[in-house]
$ cat coords-v1.pdb   # PDB, C-alpha atoms and all ligand atoms
MODEL        1
ATOM      1  CA  MET A   1       0.000   0.000   0.000  1.00  0.00           C
ATOM      2  CA  ASN A   2       1.064   3.583  -0.487  1.00  0.00           C
ATOM      3  CA  ARG A   3      -0.583   6.966  -0.028  1.00  0.00           C
ATOM      4  CA  LYS A   4      -1.388   7.393  -3.741  1.00  0.00           C
ATOM      5  CA  LYS A   5      -3.050   3.994  -4.015  1.00  0.00           C
ATOM      6  CA  SER A   6      -4.997   4.630  -0.821  1.00  0.00           C
ATOM      7  CA  ASP A   7      -6.214   7.995  -2.142  1.00  0.00           C
ATOM      8  CA  GLU A   8      -7.397   6.250  -5.319  1.00  0.00           C
ATOM      9  CA  ILE A   9      -9.249   3.580  -3.332  1.00  0.00           C
ATOM     10  CA  ILE A  10     -10.976   6.186  -1.193  1.00  0.00           C
ATOM     11  CA  THR A  11     -11.907   8.274  -4.252  1.00  0.00           C
ATOM     12  CA  ILE A  12     -13.539   5.203  -5.803  1.00  0.00           C
ATOM     13  CA  LEU A  13     -15.350   4.313  -2.581  1.00  0.00           C
ATOM     14  CA  LYS A  14     -16.692   7.875  -2.338  1.00  0.00           C
ATOM     15  CA  GLU A  15     -18.138   7.445  -5.831  1.00  0.00           C
ATOM     16  CA  VAL A  16     -19.592   4.007  -5.093  1.00  0.00           C
ATOM     17  CA  ILE A  17     -21.080   5.051  -1.735  1.00  0.00           C
ATOM     18  CA  PRO A  18     -22.309   8.616  -2.206  1.00  0.00           C
ATOM     19  CA  ASN A  19     -23.858   9.091   1.264  1.00  0.00           C
ATOM     20  CA  PRO A  20     -21.720   7.211   3.769  1.00  0.00           C
ATOM     21  CA  GLY A  21     -22.738   7.446   7.397  1.00  0.00           C
ATOM     22  CA  CYS A  22     -23.719   5.673  10.574  1.00  0.00           C
ATOM     23  CA  GLU A  23     -26.709   3.363  10.134  1.00  0.00           C
ATOM     24  CA  LEU A  24     -27.683   3.447  13.810  1.00  0.00           C
ATOM     25  CA  ASN A  25     -30.567   5.774  14.676  1.00  0.00           C
ATOM     26  CA  TYR A  26     -30.048   8.141  17.625  1.00  0.00           C
ATOM     27  CA  ASN A  27     -31.172  11.573  18.787  1.00  0.00           C
ATOM     28  CA  ASN A  28     -28.381  12.553  21.164  1.00  0.00           C
ATOM     29  CA  LEU A  29     -24.977  11.418  22.423  1.00  0.00           C
ATOM     30  CA  PHE A  30     -26.464   9.289  25.193  1.00  0.00           C
ATOM     31  CA  GLU A  31     -28.614   7.384  22.709  1.00  0.00           C
ATOM     32  CA  LEU A  32     -25.582   7.059  20.422  1.00  0.00           C
ATOM     33  CA  ILE A  33     -23.317   5.469  23.035  1.00  0.00           C
ATOM     34  CA  VAL A  34     -26.057   3.084  24.159  1.00  0.00           C
ATOM     35  CA  ALA A  35     -26.896   2.119  20.553  1.00  0.00           C
ATOM     36  CA  VAL A  36     -23.231   1.523  19.706  1.00  0.00           C
ATOM     37  CA  SER A  37     -22.800  -0.604  22.851  1.00  0.00           C
ATOM     38  CA  LEU A  38     -25.831  -2.671  21.878  1.00  0.00           C
ATOM     39  CA  SER A  39     -24.627  -3.155  18.296  1.00  0.00           C
ATOM     40  CA  ALA A  40     -21.910  -5.718  19.145  1.00  0.00           C
ATOM     41  CA  GLN A  41     -22.599  -9.116  17.546  1.00  0.00           C
ATOM     42  CA  THR A  42     -25.814  -7.984  15.890  1.00  0.00           C
ATOM     43  CA  THR A  43     -27.011  -5.774  13.060  1.00  0.00           C
ATOM     44  CA  ASP A  44     -27.689  -2.039  13.173  1.00  0.00           C
ATOM     45  CA  LYS A  45     -31.147  -2.799  11.811  1.00  0.00           C
ATOM     46  CA  ARG A  46     -31.996  -4.950  14.843  1.00  0.00           C
ATOM     47  CA  VAL A  47     -30.623  -2.304  17.218  1.00  0.00           C
ATOM     48  CA  ASN A  48     -32.775   0.330  15.479  1.00  0.00           C
ATOM     49  CA  SER A  49     -35.834  -1.851  15.984  1.00  0.00           C
ATOM     50  CA  ILE A  50     -35.489  -1.926  19.778  1.00  0.00           C
ATOM     51  CA  THR A  51     -33.903   1.426  20.722  1.00  0.00           C
ATOM     52  CA  PRO A  52     -37.144   3.441  20.262  1.00  0.00           C
ATOM     53  CA  ILE A  53     -38.788   1.162  22.882  1.00  0.00           C
ATOM     54  CA  LEU A  54     -35.768   1.385  25.197  1.00  0.00           C
ATOM     55  CA  PHE A  55     -35.371   5.181  24.973  1.00  0.00           C
ATOM     56  CA  ASN A  56     -39.088   5.828  25.204  1.00  0.00           C
ATOM     57  CA  LYS A  57     -39.063   4.082  28.586  1.00  0.00           C
ATOM     58  CA  TYR A  58     -35.569   5.178  29.696  1.00  0.00           C
ATOM     59  CA  PRO A  59     -34.728   8.484  27.984  1.00  0.00           C
ATOM     60  CA  SER A  60     -31.824   9.600  30.190  1.00  0.00           C
ATOM     61  CA  PRO A  61     -28.697   8.235  31.877  1.00  0.00           C
ATOM     62  CA  GLU A  62     -30.451   8.599  35.247  1.00  0.00           C
ATOM     63  CA  SER A  63     -33.566   6.661  34.218  1.00  0.00           C
ATOM     64  CA  LEU A  64     -31.655   3.866  32.465  1.00  0.00           C
ATOM     65  CA  GLY A  65     -29.179   3.719  35.354  1.00  0.00           C
ATOM     66  CA  ASN A  66     -32.083   3.072  37.728  1.00  0.00           C
ATOM     67  CA  ALA A  67     -33.852   0.551  35.475  1.00  0.00           C
ATOM     68  CA  GLU A  68     -34.651  -2.982  36.606  1.00  0.00           C
ATOM     69  CA  LEU A  69     -32.178  -5.392  35.021  1.00  0.00           C
ATOM     70  CA  ASP A  70     -34.900  -7.874  34.024  1.00  0.00           C
ATOM     71  CA  ASP A  71     -36.928  -5.218  32.266  1.00  0.00           C
ATOM     72  CA  VAL A  72     -33.940  -4.071  30.186  1.00  0.00           C
ATOM     73  CA  ILE A  73     -33.022  -7.694  29.394  1.00  0.00           C
ATOM     74  CA  ASN A  74     -36.563  -8.247  28.204  1.00  0.00           C
ATOM     75  CA  ILE A  75     -36.502  -5.195  25.909  1.00  0.00           C
ATOM     76  CA  ILE A  76     -33.126  -5.952  24.331  1.00  0.00           C
ATOM     77  CA  LYS A  77     -33.502  -9.754  24.159  1.00  0.00           C
ATOM     78  CA  PRO A  78     -33.755  -9.828  20.316  1.00  0.00           C
ATOM     79  CA  LEU A  79     -30.168  -8.507  20.101  1.00  0.00           C
ATOM     80  CA  GLY A  80     -28.551 -11.506  21.809  1.00  0.00           C
ATOM     81  CA  PHE A  81     -26.124 -11.395  24.758  1.00  0.00           C
ATOM     82  CA  ALA A  82     -28.958  -9.562  26.508  1.00  0.00           C
ATOM     83  CA  ASN A  83     -27.800 -10.241  30.087  1.00  0.00           C
ATOM     84  CA  ASN A  84     -24.343  -8.752  29.581  1.00  0.00           C
ATOM     85  CA  LYS A  85     -25.516  -5.923  27.372  1.00  0.00           C
ATOM     86  CA  ALA A  86     -28.270  -4.954  29.828  1.00  0.00           C
ATOM     87  CA  LYS A  87     -25.840  -4.967  32.787  1.00  0.00           C
ATOM     88  CA  ASN A  88     -23.361  -2.882  30.816  1.00  0.00           C
ATOM     89  CA  ILE A  89     -25.779  -0.220  29.612  1.00  0.00           C
ATOM     90  CA  ILE A  90     -27.301   0.134  33.101  1.00  0.00           C
ATOM     91  CA  GLU A  91     -23.855   0.460  34.724  1.00  0.00           C
ATOM     92  CA  MET A  92     -22.661   2.767  31.948  1.00  0.00           C
ATOM     93  CA  SER A  93     -25.719   4.990  32.413  1.00  0.00           C
ATOM     94  CA  LYS A  94     -25.134   5.146  36.175  1.00  0.00           C
ATOM     95  CA  ALA A  95     -21.520   6.190  35.586  1.00  0.00           C
ATOM     96  CA  ILE A  96     -22.521   8.851  33.030  1.00  0.00           C
ATOM     97  CA  HIS A  97     -25.033  10.255  35.522  1.00  0.00           C
ATOM     98  CA  ASP A  98     -22.948   9.983  38.693  1.00  0.00           C
ATOM     99  CA  GLN A  99     -19.436  10.684  37.430  1.00  0.00           C
ATOM    100  CA  PHE A 100     -19.967  12.810  34.337  1.00  0.00           C
ATOM    101  CA  ASN A 101     -23.020  14.863  35.238  1.00  0.00           C
ATOM    102  CA  ASP A 102     -25.050  13.320  32.372  1.00  0.00           C
ATOM    103  CA  GLN A 103     -22.464  14.439  29.789  1.00  0.00           C
ATOM    104  CA  ILE A 104     -20.793  11.950  27.460  1.00  0.00           C
ATOM    105  CA  PRO A 105     -17.009  12.344  27.767  1.00  0.00           C
ATOM    106  CA  SER A 106     -15.218  13.485  24.618  1.00  0.00           C
ATOM    107  CA  ASN A 107     -11.907  11.684  24.983  1.00  0.00           C
ATOM    108  CA  ILE A 108     -10.959   8.046  24.670  1.00  0.00           C
ATOM    109  CA  GLU A 109      -9.376   7.715  28.111  1.00  0.00           C
ATOM    110  CA  LEU A 110     -12.576   8.738  29.909  1.00  0.00           C
ATOM    111  CA  LEU A 111     -14.920   6.970  27.490  1.00  0.00           C
ATOM    112  CA  THR A 112     -13.150   3.654  28.018  1.00  0.00           C
ATOM    113  CA  THR A 113     -13.625   3.945  31.792  1.00  0.00           C
ATOM    114  CA  LEU A 114     -17.364   3.426  31.178  1.00  0.00           C
ATOM    115  CA  PRO A 115     -18.597  -0.145  31.722  1.00  0.00           C
ATOM    116  CA  GLY A 116     -18.758  -2.093  28.467  1.00  0.00           C
ATOM    117  CA  VAL A 117     -17.103   0.661  26.428  1.00  0.00           C
ATOM    118  CA  GLY A 118     -14.033  -0.595  24.586  1.00  0.00           C
ATOM    119  CA  ARG A 119     -11.790   1.178  22.125  1.00  0.00           C
ATOM    120  CA  LYS A 120     -14.032   0.605  19.105  1.00  0.00           C
ATOM    121  CA  THR A 121     -17.197   1.920  20.794  1.00  0.00           C
ATOM    122  CA  ALA A 122     -15.275   4.917  22.147  1.00  0.00           C
ATOM    123  CA  LEU A 123     -13.854   5.757  18.710  1.00  0.00           C
ATOM    124  CA  VAL A 124     -17.287   5.501  17.081  1.00  0.00           C
ATOM    125  CA  VAL A 125     -18.662   7.935  19.671  1.00  0.00           C
ATOM    126  CA  LEU A 126     -15.754  10.340  19.109  1.00  0.00           C
ATOM    127  CA  ALA A 127     -16.049  10.172  15.315  1.00  0.00           C
ATOM    128  CA  GLU A 128     -19.808  10.091  14.994  1.00  0.00           C
ATOM    129  CA  GLY A 129     -20.878  12.105  18.011  1.00  0.00           C
ATOM    130  CA  PHE A 130     -18.093  14.647  18.330  1.00  0.00           C
ATOM    131  CA  LYS A 131     -16.695  14.640  14.770  1.00  0.00           C
ATOM    132  CA  ILE A 132     -13.218  14.145  16.230  1.00  0.00           C
ATOM    133  CA  PRO A 133     -10.961  12.380  13.678  1.00  0.00           C
ATOM    134  CA  ALA A 134     -10.948   8.683  14.533  1.00  0.00           C
ATOM    135  CA  LEU A 135     -10.902   5.428  12.612  1.00  0.00           C
ATOM    136  CA  PRO A 136     -12.782   2.702  14.484  1.00  0.00           C
ATOM    137  CA  VAL A 137     -11.966  -0.777  13.219  1.00  0.00           C
ATOM    138  CA  ASP A 138     -14.514  -3.574  13.205  1.00  0.00           C
ATOM    139  CA  THR A 139     -14.648  -6.931  11.460  1.00  0.00           C
ATOM    140  CA  HIS A 140     -15.473  -5.317   8.085  1.00  0.00           C
ATOM    141  CA  LEU A 141     -12.495  -2.946   8.296  1.00  0.00           C
ATOM    142  CA  ILE A 142     -10.177  -5.808   9.237  1.00  0.00           C
ATOM    143  CA  ARG A 143     -11.352  -7.803   6.210  1.00  0.00           C
ATOM    144  CA  MET A 144     -11.095  -4.829   3.849  1.00  0.00           C
ATOM    145  CA  ALA A 145      -7.601  -4.009   5.160  1.00  0.00           C
ATOM    146  CA  SER A 146      -6.448  -7.519   4.393  1.00  0.00           C
ATOM    147  CA  ARG A 147      -8.068  -7.744   0.961  1.00  0.00           C
ATOM    148  CA  LEU A 148      -6.881  -4.316  -0.186  1.00  0.00           C
ATOM    149  CA  GLY A 149      -3.395  -4.547   1.304  1.00  0.00           C
ATOM    150  CA  TYR A 150      -3.581  -1.998   4.142  1.00  0.00           C
ATOM    151  CA  SER A 151      -2.708  -4.515   6.836  1.00  0.00           C
ATOM    152  CA  LYS A 152      -1.958  -8.186   7.366  1.00  0.00           C
ATOM    153  CA  SER A 153      -2.968  -8.108  11.019  1.00  0.00           C
ATOM    154  CA  ASN A 154      -6.166  -9.314  12.677  1.00  0.00           C
ATOM    155  CA  ASP A 155      -5.597  -7.095  15.690  1.00  0.00           C
ATOM    156  CA  PRO A 156      -7.946  -4.089  15.471  1.00  0.00           C
ATOM    157  CA  VAL A 157      -5.450  -1.692  17.083  1.00  0.00           C
ATOM    158  CA  LYS A 158      -2.688  -2.687  14.641  1.00  0.00           C
ATOM    159  CA  VAL A 159      -5.091  -2.504  11.680  1.00  0.00           C
ATOM    160  CA  GLU A 160      -6.152   0.978  12.808  1.00  0.00           C
ATOM    161  CA  GLU A 161      -2.481   2.032  12.939  1.00  0.00           C
ATOM    162  CA  ASP A 162      -1.866   0.569   9.467  1.00  0.00           C
ATOM    163  CA  TYR A 163      -4.877   2.361   7.930  1.00  0.00           C
ATOM    164  CA  LYS A 164      -3.679   5.622   9.481  1.00  0.00           C
ATOM    165  CA  LYS A 165      -0.276   5.305   7.800  1.00  0.00           C
ATOM    166  CA  TYR A 166      -1.928   5.777   4.408  1.00  0.00           C
ATOM    167  CA  ILE A 167      -5.220   7.596   5.006  1.00  0.00           C
ATOM    168  CA  ARG A 168      -5.202  11.350   5.522  1.00  0.00           C
ATOM    169  CA  LYS A 169      -6.488  12.463   8.919  1.00  0.00           C
ATOM    170  CA  GLU A 170      -9.302  14.455   7.320  1.00  0.00           C
ATOM    171  CA  ASP A 171     -10.491  11.204   5.701  1.00  0.00           C
ATOM    172  CA  TRP A 172     -10.401   8.998   8.827  1.00  0.00           C
ATOM    173  CA  ILE A 173     -14.084   9.351   9.710  1.00  0.00           C
ATOM    174  CA  ILE A 174     -15.411   8.984   6.178  1.00  0.00           C
ATOM    175  CA  SER A 175     -13.025   6.075   5.522  1.00  0.00           C
ATOM    176  CA  HIS A 176     -14.437   4.229   8.521  1.00  0.00           C
ATOM    177  CA  HIS A 177     -17.930   4.553   7.032  1.00  0.00           C
ATOM    178  CA  LEU A 178     -16.789   3.745   3.488  1.00  0.00           C
ATOM    179  CA  PHE A 179     -14.882   0.570   4.360  1.00  0.00           C
ATOM    180  CA  LEU A 180     -17.578  -0.581   6.779  1.00  0.00           C
ATOM    181  CA  LEU A 181     -20.434  -0.100   4.297  1.00  0.00           C
ATOM    182  CA  PHE A 182     -18.442  -1.520   1.378  1.00  0.00           C
ATOM    183  CA  GLY A 183     -17.584  -4.573   3.488  1.00  0.00           C
ATOM    184  CA  ARG A 184     -21.102  -4.959   4.810  1.00  0.00           C
ATOM    185  CA  TYR A 185     -22.935  -4.778   1.485  1.00  0.00           C
ATOM    186  CA  HIS A 186     -20.442  -5.503  -1.301  1.00  0.00           C
ATOM    187  CA  CYS A 187     -17.157  -7.063  -0.216  1.00  0.00           C
ATOM    188  CA  LYS A 188     -18.865  -9.520   2.122  1.00  0.00           C
ATOM    189  CA  ALA A 189     -16.935 -12.126   4.116  1.00  0.00           C
ATOM    190  CA  THR A 190     -18.391 -14.932   2.036  1.00  0.00           C
ATOM    191  CA  SER A 191     -19.386 -14.357  -1.576  1.00  0.00           C
ATOM    192  CA  PRO A 192     -17.926 -10.898  -2.175  1.00  0.00           C
ATOM    193  CA  GLU A 193     -19.261  -9.371  -5.398  1.00  0.00           C
ATOM    194  CA  CYS A 194     -15.909  -9.421  -7.200  1.00  0.00           C
ATOM    195  CA  SER A 195     -17.318  -9.598 -10.731  1.00  0.00           C
ATOM    196  CA  ASN A 196     -18.903  -6.221 -10.199  1.00  0.00           C
ATOM    197  CA  CYS A 197     -16.220  -4.455  -8.131  1.00  0.00           C
ATOM    198  CA  ARG A 198     -14.573  -1.105  -8.861  1.00  0.00           C
ATOM    199  CA  LEU A 199     -11.654  -2.031  -6.577  1.00  0.00           C
ATOM    200  CA  VAL A 200     -10.727  -5.208  -8.383  1.00  0.00           C
ATOM    201  CA  ASP A 201      -7.385  -3.802  -9.623  1.00  0.00           C
ATOM    202  CA  TYR A 202      -6.343  -2.984  -6.040  1.00  0.00           C
ATOM    203  CA  CYS A 203      -7.496  -6.249  -4.484  1.00  0.00           C
ATOM    204  CA  LYS A 204      -5.134  -8.948  -3.253  1.00  0.00           C
ATOM    205  CA  PHE A 205      -7.965 -11.362  -2.445  1.00  0.00           C
ATOM    206  CA  ASN A 206      -9.159 -11.298  -6.041  1.00  0.00           C
ATOM    207  CA  LYS A 207      -5.644 -11.885  -7.367  1.00  0.00           C
ATOM    208  CA  LYS A 208      -5.211 -14.895  -5.047  1.00  0.00           C
ATOM    209  CA  LYS A 209      -8.351 -16.412  -6.534  1.00  0.00           C
TER     210      LYS A 209
HETATM  211  S1  LIG B 301     -12.564  -7.621  -5.838  1.00  0.00           S
HETATM  212 FE1  LIG B 301     -13.880  -8.831  -4.457  1.00  0.00          FE
HETATM  213  S2  LIG B 301     -12.674  -9.210  -2.606  1.00  0.00           S
HETATM  214 FE2  LIG B 301     -11.688  -7.553  -3.767  1.00  0.00          FE
HETATM  215  S3  LIG B 301     -12.507  -5.652  -2.904  1.00  0.00           S
HETATM  216 FE3  LIG B 301     -13.789  -6.175  -4.638  1.00  0.00          FE
HETATM  217  S4  LIG B 301     -15.467  -7.404  -3.790  1.00  0.00           S
HETATM  218 FE4  LIG B 301     -13.830  -7.320  -2.258  1.00  0.00          FE
ENDMDL
END

$ encode --input "coords-v1.pdb" --output "structure tokens" --more "lines below"
Ligand code: SF4
Amino acid sequence: MNRKKSDEIITILKEVIPNPGCELNYNNLFELIVAVSLSAQTTDKRVNSITPILFNKYPSPESLGNAELDDVINIIKPLGFANNKAKNIIEMSKAIHDQFNDQIPSNIELLTTLPGVGRKTALVVLAEGFKIPALPVDTHLIRMASRLGYSKSNDPVKVEEDYKKYIRKEDWIISHHLFLLFGRYHCKATSPECSNCRLVDYCKFNKKK
């Protein structure tokens, strides 16, 4: 990979995906961090189907922090891992209320002190909620990095570092969306749509085949 090639890839992705963005629905930073926490191991579509029920009943960090565990488990059950996710979002809400005066912190060190908030969730909140340059790496970005030659690693932190070597800081946020959406809908883990791919000339996976 080099900077020129990376610029070309991103230019193509911008053409292929004209309106890249977060597919989770949210109305404020609290809803964003809860929705992102709930999105692990499930689809954004499923999260969007339950968050209106959750936030209608528990609209604030204080109310969700005081919620009955069983009630939250019941609401979020369709997402899977409901016990852990419910515990985490209740504890996270308590911490946001008690320690941060209902404000979502805007730096990674404080965000990752919140229960259930790891590096990826924190970076999504920074990028999406605060528009602070960040490049969260999920399974789609790891796969795209390997196929396009950004990184050989499976470690999200290393892959993030490798992307950042070639992607301009002003493109970090949009690149996260572009690679995620391209991986989710086009360059899928199984049966990627290679016969109809604008990145075929840049792709190592396709050459291997
Ligand atoms: S050619 Fe296939 S594997 Fe390579 S980027 Fe395109 S869809 Fe993905």

$ residues_near_ligand --input "coords-v1.pdb" --ligand "ligand LIG 301 (chain B)" --cutoff "10 Å" --atoms "only C-alpha atoms and all ligand atoms" --output "ChimeraX atom specification"
/A:9,143-148,179,182-183,185-209

$ closest_residue --input "coords-v1.pdb" --among "A:Asn107, A:Gln99, A:Thr112, A:Asn25" --to "Asp44 (chain A)" --atoms "only C-alpha atoms"
A:Asn25

$ resolve_selection --input "coords-v1.pdb" --expression "the PyMOL selection byres (((chain A and resi 48) around 10) and not hetatm)" --output "list in words"
Glu23, Leu24, Asn25, Tyr26, Ala35, Leu38, Ser39, Thr43, Asp44, Lys45, Arg46, Val47, Ser49, Ile50, Thr51, Pro52 and Ile53 of chain A

$ closest_atom_pairs --input "coords-v1.pdb" --of "region 39-140 of chain A" --to "region 162-174 of chain A" --cutoff "10 Å" --atoms "all atoms listed in the file" --output "JSON lines"
{"residue": "A:Leu123", "atom": "CA", "partner": "A:Ile173", "partner_atom": "CA", "distance": 9.7}
{"residue": "A:Val124", "atom": "CA", "partner": "A:Ile173", "partner_atom": "CA", "distance": 8.9}
{"residue": "A:Leu126", "atom": "CA", "partner": "A:Ile173", "partner_atom": "CA", "distance": 9.6}
{"residue": "A:Ala127", "atom": "CA", "partner": "A:Ile173", "partner_atom": "CA", "distance": 6.0}
{"residue": "A:Glu128", "atom": "CA", "partner": "A:Ile173", "partner_atom": "CA", "distance": 7.8}
{"residue": "A:Lys131", "atom": "CA", "partner": "A:Ile173", "partner_atom": "CA", "distance": 7.8}
{"residue": "A:Ile132", "atom": "CA", "partner": "A:Ile173", "partner_atom": "CA", "distance": 8.1}
{"residue": "A:Pro133", "atom": "CA", "partner": "A:Ile173", "partner_atom": "CA", "distance": 5.9}
{"residue": "A:Ala134", "atom": "CA", "partner": "A:Trp172", "partner_atom": "CA", "distance": 5.7}
{"residue": "A:Leu135", "atom": "CA", "partner": "A:Trp172", "partner_atom": "CA", "distance": 5.2}
{"residue": "A:Pro136", "atom": "CA", "partner": "A:Ile173", "partner_atom": "CA", "distance": 8.3}
{"residue": "A:Val137", "atom": "CA", "partner": "A:Tyr163", "partner_atom": "CA", "distance": 9.4}

$ residues_around --input "coords-v1.pdb" --residues "Ile75 (chain A)" --least-positions-apart "2" --cutoff "12 Å" --atoms "all atoms listed in the file" --output "JSON, numbers by chain"
{"A": [38, 46, 47, 49, 50, 51, 52, 53, 54, 55, 56, 57, 58, 67, 68, 69, 70, 71, 72, 73, 77, 78, 79, 80, 82, 83, 85, 86]}

$ write_last_selection --input "coords-v1.pdb" --atoms "C-alpha atoms" --output "PDB file, keeping the file's coordinate frame"
ATOM      1  CA  LEU A  38     -25.831  -2.671  21.878  1.00  0.00           C
ATOM      2  CA  ARG A  46     -31.996  -4.950  14.843  1.00  0.00           C
ATOM      3  CA  VAL A  47     -30.623  -2.304  17.218  1.00  0.00           C
ATOM      4  CA  SER A  49     -35.834  -1.851  15.984  1.00  0.00           C
ATOM      5  CA  ILE A  50     -35.489  -1.926  19.778  1.00  0.00           C
ATOM      6  CA  THR A  51     -33.903   1.426  20.722  1.00  0.00           C
ATOM      7  CA  PRO A  52     -37.144   3.441  20.262  1.00  0.00           C
ATOM      8  CA  ILE A  53     -38.788   1.162  22.882  1.00  0.00           C
ATOM      9  CA  LEU A  54     -35.768   1.385  25.197  1.00  0.00           C
ATOM     10  CA  PHE A  55     -35.371   5.181  24.973  1.00  0.00           C
ATOM     11  CA  ASN A  56     -39.088   5.828  25.204  1.00  0.00           C
ATOM     12  CA  LYS A  57     -39.063   4.082  28.586  1.00  0.00           C
ATOM     13  CA  TYR A  58     -35.569   5.178  29.696  1.00  0.00           C
ATOM     14  CA  ALA A  67     -33.852   0.551  35.475  1.00  0.00           C
ATOM     15  CA  GLU A  68     -34.651  -2.982  36.606  1.00  0.00           C
ATOM     16  CA  LEU A  69     -32.178  -5.392  35.021  1.00  0.00           C
ATOM     17  CA  ASP A  70     -34.900  -7.874  34.024  1.00  0.00           C
ATOM     18  CA  ASP A  71     -36.928  -5.218  32.266  1.00  0.00           C
ATOM     19  CA  VAL A  72     -33.940  -4.071  30.186  1.00  0.00           C
ATOM     20  CA  ILE A  73     -33.022  -7.694  29.394  1.00  0.00           C
ATOM     21  CA  LYS A  77     -33.502  -9.754  24.159  1.00  0.00           C
ATOM     22  CA  PRO A  78     -33.755  -9.828  20.316  1.00  0.00           C
ATOM     23  CA  LEU A  79     -30.168  -8.507  20.101  1.00  0.00           C
ATOM     24  CA  GLY A  80     -28.551 -11.506  21.809  1.00  0.00           C
ATOM     25  CA  ALA A  82     -28.958  -9.562  26.508  1.00  0.00           C
ATOM     26  CA  ASN A  83     -27.800 -10.241  30.087  1.00  0.00           C
ATOM     27  CA  LYS A  85     -25.516  -5.923  27.372  1.00  0.00           C
ATOM     28  CA  ALA A  86     -28.270  -4.954  29.828  1.00  0.00           C
TER      29      ALA A  86
END

$ atom_distance --input "coords-v1.pdb" --atom1 "CA of Arg3 (chain A)" --atom2 "CA of Leu181 (chain A)"
21.5 Å

$ residues_near_point --input "coords-v1.pdb" --point "(-18.6, 0.7, 26.1)" --cutoff "9 Å" --atoms "all atoms listed in the file" --output "list in words"
Ile33, Val34, Val36, Ser37, Asn88, Ile89, Met92, Leu111, Thr112, Thr113, Leu114, Pro115, Gly116, Val117, Gly118, Arg119, Lys120, Thr121 and Ala122 of chain A

$ closest_residue --input "coords-v1.pdb" --among "A:Lys94, A:Lys158, A:Lys87, A:Lys152" --to "Ser60 (chain A)" --atoms "all atoms listed in the file"
A:Lys94

$ closest_residue --input "coords-v1.pdb" --among "A:Val125, A:Leu110, A:Glu62, A:Asn74" --to "His97 (chain A)" --atoms "all atoms listed in the file"
A:Glu62

$ atom_distance --input "coords-v1.pdb" --atom1 "CA of Glu161 (chain A)" --atom2 "CA of Ile12 (chain A)"
22.0 Å

$ build_atoms --input "coords-v1.pdb" --residues "region 124-138 of chain A" --atoms "N, CA and C atoms" --output "PDB file, in the frame of the given file"
ATOM      1  N   VAL A 124     -16.062   5.190  17.840  1.00  0.00           N
ATOM      2  CA  VAL A 124     -17.287   5.501  17.081  1.00  0.00           C
ATOM      3  C   VAL A 124     -17.967   6.722  17.689  1.00  0.00           C
ATOM      4  N   VAL A 125     -18.021   6.782  19.012  1.00  0.00           N
ATOM      5  CA  VAL A 125     -18.662   7.935  19.671  1.00  0.00           C
ATOM      6  C   VAL A 125     -17.888   9.217  19.367  1.00  0.00           C
ATOM      7  N   LEU A 126     -16.558   9.145  19.407  1.00  0.00           N
ATOM      8  CA  LEU A 126     -15.754  10.340  19.109  1.00  0.00           C
ATOM      9  C   LEU A 126     -15.977  10.795  17.668  1.00  0.00           C
ATOM     10  N   ALA A 127     -15.934   9.827  16.737  1.00  0.00           N
ATOM     11  CA  ALA A 127     -16.049  10.172  15.315  1.00  0.00           C
ATOM     12  C   ALA A 127     -17.463  10.634  14.973  1.00  0.00           C
ATOM     13  N   GLU A 128     -18.423   9.840  15.391  1.00  0.00           N
ATOM     14  CA  GLU A 128     -19.808  10.091  14.994  1.00  0.00           C
ATOM     15  C   GLU A 128     -20.440  11.210  15.829  1.00  0.00           C
ATOM     16  N   GLY A 129     -20.208  11.149  17.120  1.00  0.00           N
ATOM     17  CA  GLY A 129     -20.878  12.105  18.011  1.00  0.00           C
ATOM     18  C   GLY A 129     -20.167  13.433  18.105  1.00  0.00           C
ATOM     19  N   PHE A 130     -18.847  13.400  18.126  1.00  0.00           N
ATOM     20  CA  PHE A 130     -18.093  14.647  18.330  1.00  0.00           C
ATOM     21  C   PHE A 130     -17.357  15.109  17.077  1.00  0.00           C
ATOM     22  N   LYS A 131     -17.400  14.322  16.025  1.00  0.00           N
ATOM     23  CA  LYS A 131     -16.695  14.640  14.770  1.00  0.00           C
ATOM     24  C   LYS A 131     -15.201  14.839  15.000  1.00  0.00           C
ATOM     25  N   ILE A 132     -14.658  14.126  15.973  1.00  0.00           N
ATOM     26  CA  ILE A 132     -13.218  14.145  16.230  1.00  0.00           C
ATOM     27  C   ILE A 132     -12.584  13.063  15.352  1.00  0.00           C
ATOM     28  N   PRO A 133     -11.536  13.390  14.569  1.00  0.00           N
ATOM     29  CA  PRO A 133     -10.961  12.380  13.678  1.00  0.00           C
ATOM     30  C   PRO A 133     -10.618  11.088  14.410  1.00  0.00           C
ATOM     31  N   ALA A 134     -11.188   9.998  13.927  1.00  0.00           N
ATOM     32  CA  ALA A 134     -10.948   8.683  14.533  1.00  0.00           C
ATOM     33  C   ALA A 134     -11.271   7.646  13.479  1.00  0.00           C
ATOM     34  N   LEU A 135     -10.687   6.469  13.614  1.00  0.00           N
ATOM     35  CA  LEU A 135     -10.902   5.428  12.612  1.00  0.00           C
ATOM     36  C   LEU A 135     -11.197   4.091  13.311  1.00  0.00           C
ATOM     37  N   PRO A 136     -12.436   3.944  13.782  1.00  0.00           N
ATOM     38  CA  PRO A 136     -12.782   2.702  14.484  1.00  0.00           C
ATOM     39  C   PRO A 136     -12.704   1.509  13.538  1.00  0.00           C
ATOM     40  N   VAL A 137     -12.150   0.424  14.052  1.00  0.00           N
ATOM     41  CA  VAL A 137     -11.966  -0.777  13.219  1.00  0.00           C
ATOM     42  C   VAL A 137     -12.850  -1.907  13.732  1.00  0.00           C
ATOM     43  N   ASP A 138     -13.696  -2.411  12.862  1.00  0.00           N
ATOM     44  CA  ASP A 138     -14.514  -3.574  13.205  1.00  0.00           C
ATOM     45  C   ASP A 138     -14.160  -4.716  12.248  1.00  0.00           C
TER      46      ASP A 138
END
